[in-house]
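**Student:** Before I ask anything, here is the structure I am working with.
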Amino acid sequence: MGKGTGTIWDITLSGFRTYMKLERSFSPNTIVSYLSDATAFSAYMERRDVKDPSLVKSSDIEGYIRNLNENTGLSKRSQARIISSIRAFFKYLVLDGRSDSNPCDNVDAPKMSRYLPSVLSLDEIDAIISEIDLSDPLGNRNRAIVEMLYSCGLRVSELVGLRLSDLFFRDGFIRVMGKGSKQRLVPVNGTAIKYVEFYMRDRNGLKIKKNDEDILFLNRRGARMTRVMVFNIVKRYAEAAGIRKNISPHTFRHSFATHLIENGADLRVVQEMLGHESILTTEIYTHLDTEKWHESIIKFHPRK
């Protein structure tokens, strides 16, 4: 980390990693992202002969973002992510008593328009599912994957981490390990249960790798699937169905939430099912519903 070993930056970054992992229980992906951004910033500051993080000023952070933007043309979203990482790093310094204040408090993140994700209609979901060949050796697994993504609104990381011991089908729910190792219970419908059980017959014939015995979704070699594998599966079937939207596993999560809101589900219930920490994150789906309503009104309005 940083230049050389044993510098104040190196020691602080090491402490930051421990803080994120043990005290905040951040996900491995969040830890890697925050640490990468903070490490790149530390290298920038060391090149400017700032040897101690406690000496960093708001103007240093603004200069770093400006420098990155000039050299790489950072998007507003990337700028906001980097500032968020650096802010978390200096928050750790304040909590650890190494700094009196957080220099990021005076740094404004770029204003971004509200991101509205792609959503699939029920017909599009059916079209994707119809492309899955159940006579294929992996057909039942892939159908079960799509059914679980949509019917439970799972993140892809949650899907590939699902364990047999997380399935409580008799009671109609599954246990999901979400961000920050927070567990939640999510209802699962009969169709998803049926295809998982079909897949289990195929799974039982695999030679399963050590330490993956309890993992639900496995590749053809009996090992835990990766997020990229699931992304490729979803992309392939969407293209075969002739869907031109930018589809990813997360699209099924967005679609699940949007359809629940459209059908009158309580926002707090949807928040709990998705595992959102803040209701503000869930509210994006009310905006999607409003947009659809607005388009419908304009289309059929007699004075359009």
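Residue names in the structure tokens use chain letters A, B, ... in the order shown, residue numbers from 1 in each chain, and ligand numbers from 1 in the order shown.
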Mind listing the helix (DSSP H, G or I) residues of segment 85-284 of chain A, per DSSP on the backbone, as number ranges by chain?
**Tutor:** A: 85-95, 103-106, 122-130, 139-152, 156-160, 164-166, 169-171, 179-181, 190-203, 227-240, 249-262, 267-274, 279-282, 284
**Student:** Give me the residues of segment 79-143 of chain A that have any atom at most 8 Å from an atom of segment 199-207 of chain A; for each, the nearest atom pair and the distance in Å, rounded to one decimal. Use only C-alpha atoms, sort by chain and number, and format it as CSV.
**Tutor:**
residue,atom,partner,partner_atom,distance
A:Pro137,CA,A:Asp202,CA,7.8
A:Asn140,CA,A:Tyr199,CA,4.9
A:Arg141,CA,A:Tyr199,CA,5.0
**Student:** Do you have, as CSV, the list of residues of segment 56-172 of chain A lying at most 12 Å from segment 9-28 of chain A, each with its nearest atom pair and that distance in Å to one decimal, counting only C-alpha atoms and ordered by chain then number?
**Tutor:**
residue,atom,partner,partner_atom,distance
A:Val56,CA,A:Trp9,CA,11.5
A:Ser85,CA,A:Phe16,CA,10.9
A:Ile86,CA,A:Phe16,CA,10.9
A:Arg87,CA,A:Phe16,CA,11.8
A:Ala88,CA,A:Phe16,CA,8.9
A:Phe89,CA,A:Phe16,CA,6.5
A:Phe90,CA,A:Phe16,CA,9.2
A:Lys91,CA,A:Phe16,CA,9.7
A:Tyr92,CA,A:Phe16,CA,6.5
A:Leu93,CA,A:Thr12,CA,8.0
A:Val94,CA,A:Phe16,CA,11.4
A:Leu95,CA,A:Tyr19,CA,10.1
A:Asp96,CA,A:Gly15,CA,9.3
A:Gly97,CA,A:Thr12,CA,11.8
A:Arg98,CA,A:Thr12,CA,9.3
A:Ser99,CA,A:Thr12,CA,11.5
A:Ser157,CA,A:Ser27,CA,10.1
A:Glu158,CA,A:Ser27,CA,11.2
**Student:** Do you know which residues are at most 7 Å from Val156 of chain A counting only C-alpha atoms, after dropping those on the same chain fewer than 3 positions away, and could you put them as a PyMOL selection string?
**Tutor:** chain A and resi 159-160+227+249-250
**Student:** With only C-alpha atoms as the atoms that count, which of A:Ser255, A:Asn189, A:Gln271, A:Ser36 lies nearest to Arg170 of chain A?
**Tutor:**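 Using only C-alpha atoms, Arg170 of chain A sits closest to A:Asn189.
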**Student:** Can you pull out every residue from segment 30-187 of chain A that DSSP, working from the backbone, puts in strand (DSSP E or B), and format the result as a PyMOL selection string?
**Tutor:** chain A and resi 163+167-168+173-177+183-187
**Student:** Output N, CA, C and O atoms for every residue in that selection, as a CSV table (one decimal), in the first residue's frame.
**Tutor:**
chain,number,residue,atom,x,y,z
A,163,ARG,N,-27.2,-20.6,0.5
A,163,ARG,CA,-26.8,-21.9,0.9
A,163,ARG,C,-28.1,-22.8,1.1
A,163,ARG,O,-29.2,-22.3,1.3
A,167,LEU,N,-32.5,-22.2,2.9
A,167,LEU,CA,-33.8,-22.5,2.3
A,167,LEU,C,-34.8,-23.1,3.3
A,167,LEU,O,-34.5,-24.1,3.9
A,168,PHE,N,-35.9,-22.4,3.5
A,168,PHE,CA,-37.0,-22.9,4.4
A,168,PHE,C,-38.2,-22.9,3.5
A,168,PHE,O,-39.2,-22.2,3.8
A,173,PHE,N,-40.1,-19.3,2.8
A,173,PHE,CA,-39.1,-18.2,2.7
A,173,PHE,C,-37.7,-18.7,2.7
A,173,PHE,O,-37.4,-19.8,2.8
A,174,ILE,N,-36.8,-17.7,2.3
A,174,ILE,CA,-35.4,-18.0,2.3
A,174,ILE,C,-34.7,-17.0,3.2
A,174,ILE,O,-35.2,-15.9,3.5
A,175,ARG,N,-33.5,-17.3,3.7
A,175,ARG,CA,-32.7,-16.4,4.5
A,175,ARG,C,-31.6,-15.9,3.6
A,175,ARG,O,-30.9,-16.6,2.9
A,176,VAL,N,-31.5,-14.5,3.6
A,176,VAL,CA,-30.5,-13.9,2.6
A,176,VAL,C,-29.5,-13.1,3.4
A,176,VAL,O,-29.8,-12.4,4.4
A,177,MET,N,-28.2,-13.3,3.0
A,177,MET,CA,-27.1,-12.5,3.7
A,177,MET,C,-26.9,-11.3,2.8
A,177,MET,O,-26.3,-11.4,1.7
A,183,GLN,N,-28.6,-10.1,7.8
A,183,GLN,CA,-29.5,-11.2,7.3
A,183,GLN,C,-31.0,-10.6,7.3
A,183,GLN,O,-31.4,-9.8,8.0
A,184,ARG,N,-31.7,-11.2,6.3
A,184,ARG,CA,-33.1,-10.8,6.2
A,184,ARG,C,-33.9,-12.1,5.7
A,184,ARG,O,-33.3,-12.9,5.1
A,185,LEU,N,-35.1,-12.2,6.0
A,185,LEU,CA,-36.0,-13.3,5.5
A,185,LEU,C,-36.8,-12.7,4.4
A,185,LEU,O,-37.4,-11.7,4.5
A,186,VAL,N,-36.9,-13.5,3.3
A,186,VAL,CA,-37.6,-13.1,2.1
A,186,VAL,C,-38.6,-14.2,1.6
A,186,VAL,O,-38.1,-15.4,1.5
A,187,PRO,N,-39.8,-13.9,1.4
A,187,PRO,CA,-40.8,-14.9,0.9
A,187,PRO,C,-40.4,-15.4,-0.4
A,187,PRO,O,-39.8,-14.7,-1.2
